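The data block below is target.cif; it holds mmCIF, N, CA, C and O atoms.
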data_model
#
loop_
_atom_site.label_atom_id
_atom_site.label_comp_id
_atom_site.auth_asym_id
_atom_site.auth_seq_id
_atom_site.Cartn_x
_atom_site.Cartn_y
_atom_site.Cartn_z
N MET A 1 -16.48 66.11 69.04
CA MET A 1 -17.31 64.98 68.66
C MET A 1 -17.77 64.24 69.92
O MET A 1 -16.96 63.80 70.71
N THR A 2 -19.06 64.15 70.12
CA THR A 2 -19.58 63.43 71.28
C THR A 2 -19.88 62.00 70.90
O THR A 2 -20.10 61.67 69.73
N GLN A 3 -19.88 61.16 71.91
CA GLN A 3 -20.16 59.74 71.68
C GLN A 3 -21.37 59.34 72.52
O GLN A 3 -21.29 58.43 73.35
N VAL A 4 -22.47 60.00 72.27
CA VAL A 4 -23.68 59.78 73.05
C VAL A 4 -24.14 58.33 72.99
O VAL A 4 -24.58 57.77 73.98
N ASN A 5 -24.00 57.70 71.84
CA ASN A 5 -24.49 56.34 71.67
C ASN A 5 -23.46 55.26 71.98
O ASN A 5 -23.71 54.10 71.74
N ASN A 6 -22.30 55.65 72.50
CA ASN A 6 -21.26 54.68 72.82
C ASN A 6 -21.30 54.37 74.31
O ASN A 6 -20.88 55.18 75.13
N PRO A 7 -21.78 53.17 74.70
CA PRO A 7 -21.88 52.86 76.12
C PRO A 7 -20.52 52.72 76.81
O PRO A 7 -20.44 52.74 78.03
N LEU A 8 -19.44 52.60 76.04
CA LEU A 8 -18.11 52.48 76.62
C LEU A 8 -17.40 53.82 76.74
O LEU A 8 -16.28 53.88 77.26
N HIS A 9 -18.04 54.88 76.29
CA HIS A 9 -17.42 56.20 76.34
C HIS A 9 -17.11 56.58 77.79
O HIS A 9 -17.96 56.49 78.67
N GLY A 10 -15.87 56.98 78.03
CA GLY A 10 -15.46 57.39 79.36
C GLY A 10 -14.98 56.27 80.25
O GLY A 10 -14.55 56.50 81.37
N ILE A 11 -15.06 55.03 79.78
CA ILE A 11 -14.59 53.88 80.57
C ILE A 11 -13.20 53.50 80.08
O ILE A 11 -13.01 53.17 78.90
N LYS A 12 -12.24 53.55 80.97
CA LYS A 12 -10.86 53.20 80.61
C LYS A 12 -10.76 51.69 80.44
O LYS A 12 -11.41 50.92 81.16
N LEU A 13 -9.93 51.27 79.50
CA LEU A 13 -9.72 49.85 79.25
C LEU A 13 -9.25 49.15 80.53
O LEU A 13 -9.68 48.04 80.83
N GLU A 14 -8.40 49.80 81.29
CA GLU A 14 -7.91 49.19 82.53
C GLU A 14 -9.06 48.97 83.52
O GLU A 14 -9.14 47.91 84.16
N ASP A 15 -9.96 49.92 83.65
CA ASP A 15 -11.09 49.77 84.55
C ASP A 15 -12.03 48.66 84.08
O ASP A 15 -12.54 47.87 84.88
N LEU A 16 -12.25 48.60 82.79
CA LEU A 16 -13.09 47.58 82.19
C LEU A 16 -12.50 46.19 82.48
O LEU A 16 -13.21 45.29 82.93
N LEU A 17 -11.20 46.04 82.27
CA LEU A 17 -10.53 44.76 82.48
C LEU A 17 -10.54 44.39 83.97
O LEU A 17 -10.82 43.23 84.32
N ASN A 18 -10.27 45.34 84.84
CA ASN A 18 -10.32 45.07 86.28
C ASN A 18 -11.71 44.60 86.70
O ASN A 18 -11.84 43.69 87.52
N ASP A 19 -12.74 45.20 86.14
CA ASP A 19 -14.11 44.81 86.46
C ASP A 19 -14.38 43.37 86.02
O ASP A 19 -14.98 42.58 86.77
N LEU A 20 -13.93 43.01 84.83
CA LEU A 20 -14.13 41.64 84.35
C LEU A 20 -13.36 40.63 85.20
O LEU A 20 -13.88 39.56 85.53
N VAL A 21 -12.13 40.97 85.58
CA VAL A 21 -11.34 40.07 86.41
C VAL A 21 -11.97 39.93 87.80
O VAL A 21 -12.04 38.82 88.35
N ASP A 22 -12.46 41.02 88.35
CA ASP A 22 -13.13 40.96 89.66
C ASP A 22 -14.38 40.08 89.60
O ASP A 22 -14.67 39.35 90.55
N HIS A 23 -15.10 40.17 88.50
CA HIS A 23 -16.35 39.41 88.36
C HIS A 23 -16.10 37.93 88.04
O HIS A 23 -16.66 37.05 88.68
N TYR A 24 -15.27 37.67 87.03
CA TYR A 24 -15.07 36.30 86.55
C TYR A 24 -13.83 35.61 87.14
O TYR A 24 -13.80 34.40 87.24
N GLY A 25 -12.80 36.38 87.43
CA GLY A 25 -11.51 35.79 87.79
C GLY A 25 -10.76 35.44 86.51
O GLY A 25 -11.35 35.33 85.43
N TRP A 26 -9.44 35.29 86.62
CA TRP A 26 -8.63 35.03 85.42
C TRP A 26 -8.99 33.70 84.76
O TRP A 26 -9.02 33.60 83.53
N GLU A 27 -9.25 32.67 85.57
CA GLU A 27 -9.50 31.34 84.99
C GLU A 27 -10.75 31.34 84.11
O GLU A 27 -10.71 30.89 82.96
N GLU A 28 -11.85 31.85 84.64
CA GLU A 28 -13.07 31.86 83.84
C GLU A 28 -12.97 32.85 82.67
O GLU A 28 -13.47 32.58 81.58
N LEU A 29 -12.31 33.97 82.90
CA LEU A 29 -12.14 34.93 81.81
C LEU A 29 -11.35 34.30 80.67
O LEU A 29 -11.68 34.46 79.49
N GLY A 30 -10.32 33.51 81.02
CA GLY A 30 -9.53 32.80 80.00
C GLY A 30 -10.32 31.73 79.29
O GLY A 30 -10.05 31.41 78.13
N GLN A 31 -11.31 31.15 79.96
CA GLN A 31 -12.17 30.16 79.31
C GLN A 31 -13.15 30.84 78.37
O GLN A 31 -13.44 30.35 77.29
N ARG A 32 -13.66 31.98 78.77
CA ARG A 32 -14.63 32.71 77.95
C ARG A 32 -13.97 33.36 76.73
O ARG A 32 -14.56 33.40 75.66
N ILE A 33 -12.77 33.90 76.93
CA ILE A 33 -12.03 34.53 75.84
C ILE A 33 -10.64 33.89 75.86
O ILE A 33 -9.80 34.25 76.68
N ASN A 34 -10.43 32.97 74.98
CA ASN A 34 -9.21 32.16 74.99
C ASN A 34 -8.05 32.91 74.33
O ASN A 34 -7.78 32.75 73.15
N ILE A 35 -7.41 33.74 75.13
CA ILE A 35 -6.20 34.42 74.67
C ILE A 35 -5.10 34.20 75.70
O ILE A 35 -5.37 34.07 76.89
N ARG A 36 -3.89 34.11 75.21
CA ARG A 36 -2.75 33.73 76.04
C ARG A 36 -2.57 34.63 77.27
O ARG A 36 -2.26 34.15 78.35
N CYS A 37 -2.77 35.92 77.12
CA CYS A 37 -2.54 36.83 78.25
C CYS A 37 -3.53 36.60 79.38
O CYS A 37 -3.29 37.07 80.50
N PHE A 38 -4.62 35.88 79.14
CA PHE A 38 -5.56 35.54 80.21
C PHE A 38 -5.28 34.16 80.80
O PHE A 38 -5.72 33.87 81.90
N ASN A 39 -4.59 33.31 80.06
CA ASN A 39 -4.42 31.92 80.46
C ASN A 39 -3.03 31.56 80.97
O ASN A 39 -2.88 30.55 81.65
N HIS A 40 -2.01 32.30 80.62
CA HIS A 40 -0.63 31.97 81.00
C HIS A 40 -0.02 33.16 81.73
O HIS A 40 0.29 34.18 81.11
N ASP A 41 0.14 33.01 83.05
CA ASP A 41 0.72 34.06 83.89
C ASP A 41 0.02 35.40 83.66
O ASP A 41 0.64 36.39 83.28
N PRO A 42 -1.31 35.44 83.89
CA PRO A 42 -2.08 36.65 83.58
C PRO A 42 -1.76 37.82 84.51
O PRO A 42 -1.47 37.63 85.69
N SER A 43 -1.79 39.00 83.95
CA SER A 43 -1.68 40.23 84.72
C SER A 43 -2.41 41.33 83.97
O SER A 43 -2.60 41.25 82.75
N ILE A 44 -2.81 42.34 84.71
CA ILE A 44 -3.49 43.48 84.09
C ILE A 44 -2.55 44.15 83.09
O ILE A 44 -2.93 44.46 81.97
N LYS A 45 -1.29 44.34 83.50
CA LYS A 45 -0.32 45.04 82.65
C LYS A 45 -0.12 44.33 81.31
O LYS A 45 -0.19 44.96 80.25
N SER A 46 0.12 43.02 81.34
CA SER A 46 0.36 42.30 80.08
C SER A 46 -0.90 42.24 79.22
O SER A 46 -0.84 42.32 78.00
N SER A 47 -2.04 42.11 79.88
CA SER A 47 -3.31 42.05 79.14
C SER A 47 -3.60 43.39 78.46
O SER A 47 -4.03 43.42 77.31
N LEU A 48 -3.36 44.49 79.18
CA LEU A 48 -3.58 45.81 78.57
C LEU A 48 -2.68 46.02 77.37
O LEU A 48 -3.11 46.54 76.34
N LYS A 49 -1.44 45.61 77.48
CA LYS A 49 -0.49 45.76 76.37
C LYS A 49 -0.99 45.01 75.13
O LYS A 49 -0.99 45.54 74.03
N PHE A 50 -1.45 43.77 75.35
CA PHE A 50 -1.95 42.96 74.23
C PHE A 50 -3.24 43.54 73.66
O PHE A 50 -3.39 43.67 72.44
N LEU A 51 -4.17 43.91 74.53
CA LEU A 51 -5.47 44.40 74.06
C LEU A 51 -5.37 45.72 73.32
O LEU A 51 -6.14 45.99 72.41
N ARG A 52 -4.41 46.54 73.69
CA ARG A 52 -4.23 47.82 72.99
C ARG A 52 -3.68 47.63 71.59
O ARG A 52 -3.86 48.48 70.72
N LYS A 53 -3.00 46.51 71.36
CA LYS A 53 -2.41 46.24 70.03
C LYS A 53 -3.27 45.32 69.18
O LYS A 53 -3.04 45.22 67.98
N THR A 54 -4.23 44.63 69.77
CA THR A 54 -4.95 43.57 69.06
C THR A 54 -6.45 43.86 69.11
O THR A 54 -7.13 43.54 70.09
N GLN A 55 -6.96 44.46 68.03
CA GLN A 55 -8.35 44.92 68.02
C GLN A 55 -9.37 43.80 68.17
O GLN A 55 -10.35 43.95 68.88
N TRP A 56 -9.14 42.63 67.53
CA TRP A 56 -10.13 41.56 67.62
C TRP A 56 -10.29 41.08 69.06
O TRP A 56 -11.40 40.78 69.50
N ALA A 57 -9.19 41.03 69.81
CA ALA A 57 -9.26 40.60 71.20
C ALA A 57 -9.95 41.66 72.05
O ALA A 57 -10.77 41.35 72.93
N ARG A 58 -9.63 42.92 71.80
CA ARG A 58 -10.27 44.01 72.52
C ARG A 58 -11.76 44.03 72.26
O ARG A 58 -12.56 44.27 73.17
N ASP A 59 -12.17 43.77 71.02
CA ASP A 59 -13.59 43.71 70.69
C ASP A 59 -14.31 42.65 71.53
O ASP A 59 -15.41 42.88 72.03
N LYS A 60 -13.68 41.49 71.70
CA LYS A 60 -14.29 40.42 72.50
C LYS A 60 -14.40 40.82 73.96
O LYS A 60 -15.42 40.55 74.61
N VAL A 61 -13.38 41.46 74.49
CA VAL A 61 -13.39 41.90 75.88
C VAL A 61 -14.46 42.97 76.09
O VAL A 61 -15.23 42.90 77.06
N GLU A 62 -14.53 43.93 75.19
CA GLU A 62 -15.55 44.98 75.30
C GLU A 62 -16.96 44.40 75.18
O GLU A 62 -17.87 44.79 75.90
N TYR A 63 -17.14 43.43 74.29
CA TYR A 63 -18.44 42.80 74.12
C TYR A 63 -18.86 42.07 75.39
O TYR A 63 -20.00 42.18 75.84
N LEU A 64 -17.92 41.35 76.00
CA LEU A 64 -18.22 40.63 77.23
C LEU A 64 -18.59 41.60 78.34
O LEU A 64 -19.51 41.37 79.12
N TYR A 65 -17.88 42.72 78.42
CA TYR A 65 -18.18 43.75 79.41
C TYR A 65 -19.60 44.30 79.20
O TYR A 65 -20.35 44.46 80.16
N LEU A 66 -19.95 44.58 77.96
CA LEU A 66 -21.29 45.09 77.66
C LEU A 66 -22.36 44.08 78.04
O LEU A 66 -23.39 44.43 78.63
N LYS A 67 -22.12 42.80 77.75
CA LYS A 67 -23.07 41.75 78.11
C LYS A 67 -23.20 41.64 79.62
O LYS A 67 -24.31 41.50 80.15
N LEU A 68 -22.08 41.70 80.34
CA LEU A 68 -22.08 41.59 81.79
C LEU A 68 -22.94 42.68 82.42
O LEU A 68 -23.71 42.42 83.35
N HIS A 69 -22.83 43.88 81.92
CA HIS A 69 -23.55 45.01 82.49
C HIS A 69 -24.86 45.32 81.78
O HIS A 69 -25.48 46.36 82.04
N GLN A 70 -25.26 44.42 80.88
CA GLN A 70 -26.52 44.55 80.13
C GLN A 70 -26.65 45.92 79.47
O GLN A 70 -27.68 46.57 79.51
N LEU A 71 -25.55 46.34 78.83
CA LEU A 71 -25.52 47.59 78.09
C LEU A 71 -25.82 47.30 76.62
O LEU A 71 -25.70 46.16 76.17
N PRO A 72 -26.20 48.31 75.85
CA PRO A 72 -26.50 48.09 74.43
C PRO A 72 -25.29 47.53 73.69
O PRO A 72 -24.16 48.00 73.88
N LEU A 73 -25.55 46.52 72.88
CA LEU A 73 -24.48 45.88 72.12
C LEU A 73 -24.28 46.59 70.79
O LEU A 73 -25.23 47.12 70.22
N PRO A 74 -23.04 46.60 70.29
CA PRO A 74 -22.79 47.27 69.01
C PRO A 74 -23.43 46.51 67.85
O PRO A 74 -23.62 45.30 67.92
N ALA A 75 -23.76 47.26 66.82
CA ALA A 75 -24.30 46.64 65.60
C ALA A 75 -23.17 45.88 64.91
O ALA A 75 -22.01 46.26 65.01
N PRO A 76 -23.51 44.79 64.21
CA PRO A 76 -22.48 44.07 63.47
C PRO A 76 -21.79 44.98 62.46
O PRO A 76 -22.42 45.83 61.84
N ARG A 77 -20.49 44.79 62.35
CA ARG A 77 -19.72 45.59 61.40
C ARG A 77 -19.78 44.99 60.02
O ARG A 77 -19.81 43.78 59.85
N ASN A 78 -19.78 45.85 59.00
CA ASN A 78 -19.66 45.41 57.61
C ASN A 78 -18.26 45.71 57.13
O ASN A 78 -17.69 46.73 57.48
N ASN A 79 -17.70 44.83 56.33
CA ASN A 79 -16.38 45.06 55.77
C ASN A 79 -16.49 45.88 54.51
O ASN A 79 -17.38 45.69 53.70
N LEU A 80 -15.58 46.80 54.34
CA LEU A 80 -15.57 47.64 53.15
C LEU A 80 -14.59 47.07 52.15
O LEU A 80 -13.42 46.88 52.45
N ASP A 81 -15.07 46.76 50.99
CA ASP A 81 -14.23 46.24 49.93
C ASP A 81 -13.58 47.43 49.23
O ASP A 81 -14.22 48.16 48.49
N SER A 82 -12.29 47.64 49.47
CA SER A 82 -11.61 48.82 48.95
C SER A 82 -11.49 48.81 47.42
O SER A 82 -11.42 49.84 46.80
N ALA A 83 -11.49 47.64 46.81
CA ALA A 83 -11.35 47.56 45.36
C ALA A 83 -12.59 48.13 44.65
O ALA A 83 -12.48 48.82 43.66
N SER A 84 -13.76 47.83 45.18
CA SER A 84 -14.97 48.28 44.51
C SER A 84 -15.70 49.39 45.27
O SER A 84 -16.70 49.90 44.80
N ASN A 85 -15.20 49.74 46.48
CA ASN A 85 -15.82 50.76 47.31
C ASN A 85 -17.29 50.45 47.62
O ASN A 85 -18.09 51.34 47.76
N LYS A 86 -17.64 49.19 47.69
CA LYS A 86 -18.99 48.78 48.04
C LYS A 86 -18.92 48.00 49.35
O LYS A 86 -17.95 47.32 49.63
N THR A 87 -19.97 48.10 50.09
CA THR A 87 -20.02 47.37 51.35
C THR A 87 -20.27 45.90 51.06
O THR A 87 -21.18 45.55 50.32
N LYS A 88 -19.43 45.08 51.64
CA LYS A 88 -19.56 43.64 51.45
C LYS A 88 -20.05 43.05 52.76
O LYS A 88 -19.43 43.20 53.79
N LYS A 89 -21.19 42.40 52.74
CA LYS A 89 -21.71 41.77 53.94
C LYS A 89 -21.10 40.39 54.08
O LYS A 89 -21.14 39.59 53.16
N THR A 90 -20.52 40.16 55.25
CA THR A 90 -19.95 38.85 55.53
C THR A 90 -20.60 38.32 56.79
O THR A 90 -20.92 39.08 57.70
N PRO A 91 -20.79 37.00 56.84
CA PRO A 91 -21.41 36.45 58.04
C PRO A 91 -20.49 36.62 59.25
O PRO A 91 -19.28 36.65 59.11
N LEU A 92 -21.10 36.77 60.43
CA LEU A 92 -20.31 36.89 61.64
C LEU A 92 -19.62 35.56 61.92
O LEU A 92 -20.19 34.50 61.71
N PRO A 93 -18.40 35.60 62.43
CA PRO A 93 -17.70 34.36 62.74
C PRO A 93 -18.40 33.64 63.89
O PRO A 93 -19.00 34.26 64.75
N GLN A 94 -18.31 32.34 63.89
CA GLN A 94 -18.97 31.53 64.90
C GLN A 94 -18.05 31.19 66.07
O GLN A 94 -18.35 30.31 66.84
N VAL A 95 -16.91 31.87 66.18
CA VAL A 95 -15.99 31.59 67.27
C VAL A 95 -16.56 32.11 68.57
O VAL A 95 -17.19 33.15 68.62
N ASN A 96 -16.34 31.37 69.61
CA ASN A 96 -16.76 31.73 70.97
C ASN A 96 -18.25 32.03 71.08
O ASN A 96 -18.66 32.82 71.92
N THR A 97 -19.08 31.38 70.29
CA THR A 97 -20.51 31.62 70.38
C THR A 97 -21.06 31.17 71.72
O THR A 97 -22.06 31.70 72.19
N ASP A 98 -20.37 30.23 72.38
CA ASP A 98 -20.83 29.79 73.69
C ASP A 98 -20.67 30.89 74.74
O ASP A 98 -21.38 30.93 75.72
N ILE A 99 -19.75 31.82 74.52
CA ILE A 99 -19.54 32.93 75.45
C ILE A 99 -20.76 33.82 75.48
O ILE A 99 -21.22 34.26 76.53
N TRP A 100 -21.31 34.09 74.33
CA TRP A 100 -22.38 35.07 74.22
C TRP A 100 -23.75 34.45 74.36
O TRP A 100 -24.75 35.14 74.29
N GLY A 101 -23.81 33.13 74.53
CA GLY A 101 -25.11 32.49 74.71
C GLY A 101 -25.88 32.33 73.43
O GLY A 101 -27.09 32.24 73.44
N THR A 102 -25.18 32.27 72.31
CA THR A 102 -25.87 32.12 71.02
C THR A 102 -25.53 30.79 70.35
O THR A 102 -25.77 30.61 69.18
N LYS A 103 -24.96 29.89 71.11
CA LYS A 103 -24.55 28.60 70.54
C LYS A 103 -25.81 27.80 70.18
O LYS A 103 -26.75 27.69 70.95
N LYS A 104 -25.81 27.28 68.95
CA LYS A 104 -26.95 26.49 68.49
C LYS A 104 -26.90 25.12 69.13
O LYS A 104 -25.86 24.50 69.27
N LYS A 105 -28.07 24.63 69.49
CA LYS A 105 -28.16 23.29 70.06
C LYS A 105 -28.47 22.31 68.95
O LYS A 105 -29.32 22.55 68.12
N ASP A 106 -27.75 21.20 68.95
CA ASP A 106 -27.94 20.18 67.90
C ASP A 106 -29.10 19.27 68.22
O ASP A 106 -29.50 19.02 69.26
#
Represent the structure from my file as structure tokens, please.
Amino acid sequence: MTQVNNPLHGIKLEDLLNDLVDHYGWEELGQRINIRCFNHDPSIKSSLKFLRKTQWARDKVEYLYLKLHQLPLPAPRNNLDSASNKTKKTPLPQVNTDIWGTKKKD
């Protein structure tokens, strides 16, 4: 199975994280993605352990990496309702919208 349309194909999570830390530094990275492993005694090792177990956090890190390198962004995911086997469209969460530059101005 090839992943022609996956811009992250072939990029190791460790390399991706090192690139973000080199570009932003731990402090700014922790401000952009507020997770404990970035804000309290950060290290590549502890961050990799957390990101490998926590998909929502990994999604945010991968999204930030894609934005940084101006790579194609993934399409919004739809949740599958297992009870009815129909696709249920849910609005995207508004958390960290300031990270992605989509924050609405009042």
With region 7-20 of chain A as the partner and 7 Å as the cut-off, tabulate the residues of region 47-72 of chain A that qualify, each row holding the nearest pair of atoms and their distance in Å to one decimal, using all atoms listed in the file, sorted by chain and rising number, as JSON lines.
{"residue": "A:Leu48", "atom": "CA", "partner": "A:Glu14", "partner_atom": "CA", "distance": 6.8}
{"residue": "A:Val61", "atom": "O", "partner": "A:Leu16", "partner_atom": "O", "distance": 6.7}
{"residue": "A:Tyr65", "atom": "CA", "partner": "A:Leu16", "partner_atom": "O", "distance": 6.3}
{"residue": "A:Leu71", "atom": "CA", "partner": "A:Pro7", "partner_atom": "CA", "distance": 6.7}
{"residue": "A:Pro72", "atom": "O", "partner": "A:Pro7", "partner_atom": "N", "distance": 5.8}
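Between CA of Tyr63 (chain A) and CA of Asp41 (chain A) lies a distance of 23.2 Å.
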Centre, x/y/z edge lengths, axis-aligned box for region 9-26 of chain A with 6 Å per side, as AutoDock Vina command-line options:
--center_x -13.0 --center_y 45.5 --center_z 83.4 --size_x 22.1 --size_y 35.8 --size_z 26.3
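For the atom pair formed by CA of Gln55 (chain A) and atom N of Arg32 (chain A), the distance is 17.6 Å, given to one decimal.
Take the candidates A:Thr54, A:Ala75, A:Lys60, A:Asn6 and check each one against Ile33 (chain A) using all atoms listed in the file; the shortest distance goes to A:Lys60.
When atom N of Phe38 (chain A) is paired with atom N of Arg58 (chain A), their separation reads 11.3 Å.
The residue set within 12 Å of Ser43 (chain A), counting only C-alpha atoms and dropping same-chain residues fewer than 2 places from it, reads Glu14, Leu17, Asn18, Val21, Gly25, Trp26, Glu27, Gly30, Arg36, Cys37, Phe38, Asn39, His40, Asp41, Lys45, Ser46, Ser47, Leu48, Lys49 and Phe50 of chain A.
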Checklist entry - Can you list every residue in region 9-75 of chain A that DSSP puts in alpha helix (DSSP H), as a ChimeraX atom specification? => result /A:13-32,36-39,44-53,55-68
Filled-in all heavy atoms of region 47-56 of chain A, supplied as a PDB file, in the coordinates of the input:
ATOM      1  N   SER A  47      -2.040  42.110  79.880  1.00  0.00           N
ATOM      2  CA  SER A  47      -3.310  42.050  79.140  1.00  0.00           C
ATOM      3  C   SER A  47      -3.600  43.390  78.460  1.00  0.00           C
ATOM      4  O   SER A  47      -4.030  43.420  77.310  1.00  0.00           O
ATOM      5  CB  SER A  47      -4.451  41.675  80.071  1.00  0.00           C
ATOM      6  OG  SER A  47      -4.241  40.394  80.612  1.00  0.00           O
ATOM      7  N   LEU A  48      -3.360  44.490  79.180  1.00  0.00           N
ATOM      8  CA  LEU A  48      -3.580  45.810  78.570  1.00  0.00           C
ATOM      9  C   LEU A  48      -2.680  46.020  77.370  1.00  0.00           C
ATOM     10  O   LEU A  48      -3.110  46.540  76.340  1.00  0.00           O
ATOM     11  CB  LEU A  48      -3.339  46.905  79.606  1.00  0.00           C
ATOM     12  CG  LEU A  48      -4.401  47.069  80.684  1.00  0.00           C
ATOM     13  CD1 LEU A  48      -3.938  48.043  81.748  1.00  0.00           C
ATOM     14  CD2 LEU A  48      -5.722  47.498  80.085  1.00  0.00           C
ATOM     15  N   LYS A  49      -1.440  45.610  77.480  1.00  0.00           N
ATOM     16  CA  LYS A  49      -0.490  45.760  76.370  1.00  0.00           C
ATOM     17  C   LYS A  49      -0.990  45.010  75.130  1.00  0.00           C
ATOM     18  O   LYS A  49      -0.990  45.540  74.030  1.00  0.00           O
ATOM     19  CB  LYS A  49       0.886  45.249  76.797  1.00  0.00           C
ATOM     20  CG  LYS A  49       1.956  45.453  75.767  1.00  0.00           C
ATOM     21  CD  LYS A  49       3.306  45.010  76.296  1.00  0.00           C
ATOM     22  CE  LYS A  49       4.379  45.207  75.247  1.00  0.00           C
ATOM     23  NZ  LYS A  49       5.696  44.775  75.726  1.00  0.00           N
ATOM     24  N   PHE A  50      -1.450  43.770  75.350  1.00  0.00           N
ATOM     25  CA  PHE A  50      -1.950  42.960  74.230  1.00  0.00           C
ATOM     26  C   PHE A  50      -3.240  43.540  73.660  1.00  0.00           C
ATOM     27  O   PHE A  50      -3.390  43.670  72.440  1.00  0.00           O
ATOM     28  CB  PHE A  50      -2.172  41.517  74.701  1.00  0.00           C
ATOM     29  CG  PHE A  50      -2.728  40.633  73.628  1.00  0.00           C
ATOM     30  CD1 PHE A  50      -1.921  40.165  72.601  1.00  0.00           C
ATOM     31  CD2 PHE A  50      -4.064  40.263  73.641  1.00  0.00           C
ATOM     32  CE1 PHE A  50      -2.431  39.344  71.603  1.00  0.00           C
ATOM     33  CE2 PHE A  50      -4.583  39.441  72.644  1.00  0.00           C
ATOM     34  CZ  PHE A  50      -3.763  38.991  71.637  1.00  0.00           C
ATOM     35  N   LEU A  51      -4.170  43.910  74.530  1.00  0.00           N
ATOM     36  CA  LEU A  51      -5.470  44.400  74.060  1.00  0.00           C
ATOM     37  C   LEU A  51      -5.370  45.720  73.320  1.00  0.00           C
ATOM     38  O   LEU A  51      -6.140  45.990  72.410  1.00  0.00           O
ATOM     39  CB  LEU A  51      -6.441  44.522  75.234  1.00  0.00           C
ATOM     40  CG  LEU A  51      -6.854  43.199  75.883  1.00  0.00           C
ATOM     41  CD1 LEU A  51      -7.633  43.452  77.161  1.00  0.00           C
ATOM     42  CD2 LEU A  51      -7.643  42.337  74.916  1.00  0.00           C
ATOM     43  N   ARG A  52      -4.410  46.540  73.690  1.00  0.00           N
ATOM     44  CA  ARG A  52      -4.230  47.820  72.990  1.00  0.00           C
ATOM     45  C   ARG A  52      -3.680  47.630  71.590  1.00  0.00           C
ATOM     46  O   ARG A  52      -3.860  48.480  70.720  1.00  0.00           O
ATOM     47  CB  ARG A  52      -3.319  48.733  73.804  1.00  0.00           C
ATOM     48  CG  ARG A  52      -4.021  49.292  75.028  1.00  0.00           C
ATOM     49  CD  ARG A  52      -3.150  50.232  75.827  1.00  0.00           C
ATOM     50  NE  ARG A  52      -3.892  50.767  76.952  1.00  0.00           N
ATOM     51  CZ  ARG A  52      -3.443  50.780  78.204  1.00  0.00           C
ATOM     52  NH1 ARG A  52      -2.243  50.305  78.484  1.00  0.00           N
ATOM     53  NH2 ARG A  52      -4.192  51.274  79.166  1.00  0.00           N
ATOM     54  N   LYS A  53      -3.000  46.510  71.360  1.00  0.00           N
ATOM     55  CA  LYS A  53      -2.410  46.240  70.030  1.00  0.00           C
ATOM     56  C   LYS A  53      -3.270  45.320  69.180  1.00  0.00           C
ATOM     57  O   LYS A  53      -3.040  45.220  67.980  1.00  0.00           O
ATOM     58  CB  LYS A  53      -1.024  45.599  70.186  1.00  0.00           C
ATOM     59  CG  LYS A  53       0.017  46.515  70.783  1.00  0.00           C
ATOM     60  CD  LYS A  53       1.407  45.938  70.673  1.00  0.00           C
ATOM     61  CE  LYS A  53       1.572  44.699  71.506  1.00  0.00           C
ATOM     62  NZ  LYS A  53       2.947  44.184  71.519  1.00  0.00           N
ATOM     63  N   THR A  54      -4.230  44.630  69.770  1.00  0.00           N
ATOM     64  CA  THR A  54      -4.950  43.570  69.060  1.00  0.00           C
ATOM     65  C   THR A  54      -6.450  43.860  69.110  1.00  0.00           C
ATOM     66  O   THR A  54      -7.130  43.540  70.090  1.00  0.00           O
ATOM     67  CB  THR A  54      -4.639  42.211  69.716  1.00  0.00           C
ATOM     68  OG1 THR A  54      -3.235  42.109  69.938  1.00  0.00           O
ATOM     69  CG2 THR A  54      -5.091  41.077  68.822  1.00  0.00           C
ATOM     70  N   GLN A  55      -6.960  44.460  68.030  1.00  0.00           N
ATOM     71  CA  GLN A  55      -8.350  44.920  68.020  1.00  0.00           C
ATOM     72  C   GLN A  55      -9.370  43.800  68.170  1.00  0.00           C
ATOM     73  O   GLN A  55     -10.350  43.950  68.880  1.00  0.00           O
ATOM     74  CB  GLN A  55      -8.629  45.721  66.736  1.00  0.00           C
ATOM     75  CG  GLN A  55      -9.988  46.403  66.733  1.00  0.00           C
ATOM     76  CD  GLN A  55     -10.152  47.414  67.846  1.00  0.00           C
ATOM     77  OE1 GLN A  55      -9.276  48.233  68.086  1.00  0.00           O
ATOM     78  NE2 GLN A  55     -11.274  47.365  68.543  1.00  0.00           N
ATOM     79  N   TRP A  56      -9.140  42.630  67.530  1.00  0.00           N
ATOM     80  CA  TRP A  56     -10.130  41.560  67.620  1.00  0.00           C
ATOM     81  C   TRP A  56     -10.290  41.080  69.060  1.00  0.00           C
ATOM     82  O   TRP A  56     -11.400  40.780  69.500  1.00  0.00           O
ATOM     83  CB  TRP A  56      -9.792  40.391  66.688  1.00  0.00           C
ATOM     84  CG  TRP A  56      -8.507  39.678  67.008  1.00  0.00           C
ATOM     85  CD1 TRP A  56      -7.284  39.899  66.443  1.00  0.00           C
ATOM     86  CD2 TRP A  56      -8.307  38.649  67.988  1.00  0.00           C
ATOM     87  NE1 TRP A  56      -6.339  39.072  67.013  1.00  0.00           N
ATOM     88  CE2 TRP A  56      -6.938  38.290  67.955  1.00  0.00           C
ATOM     89  CE3 TRP A  56      -9.149  37.988  68.883  1.00  0.00           C
ATOM     90  CZ2 TRP A  56      -6.395  37.302  68.786  1.00  0.00           C
ATOM     91  CZ3 TRP A  56      -8.602  37.006  69.712  1.00  0.00           C
ATOM     92  CH2 TRP A  56      -7.246  36.669  69.649  1.00  0.00           C
TER      93      TRP A  56
END
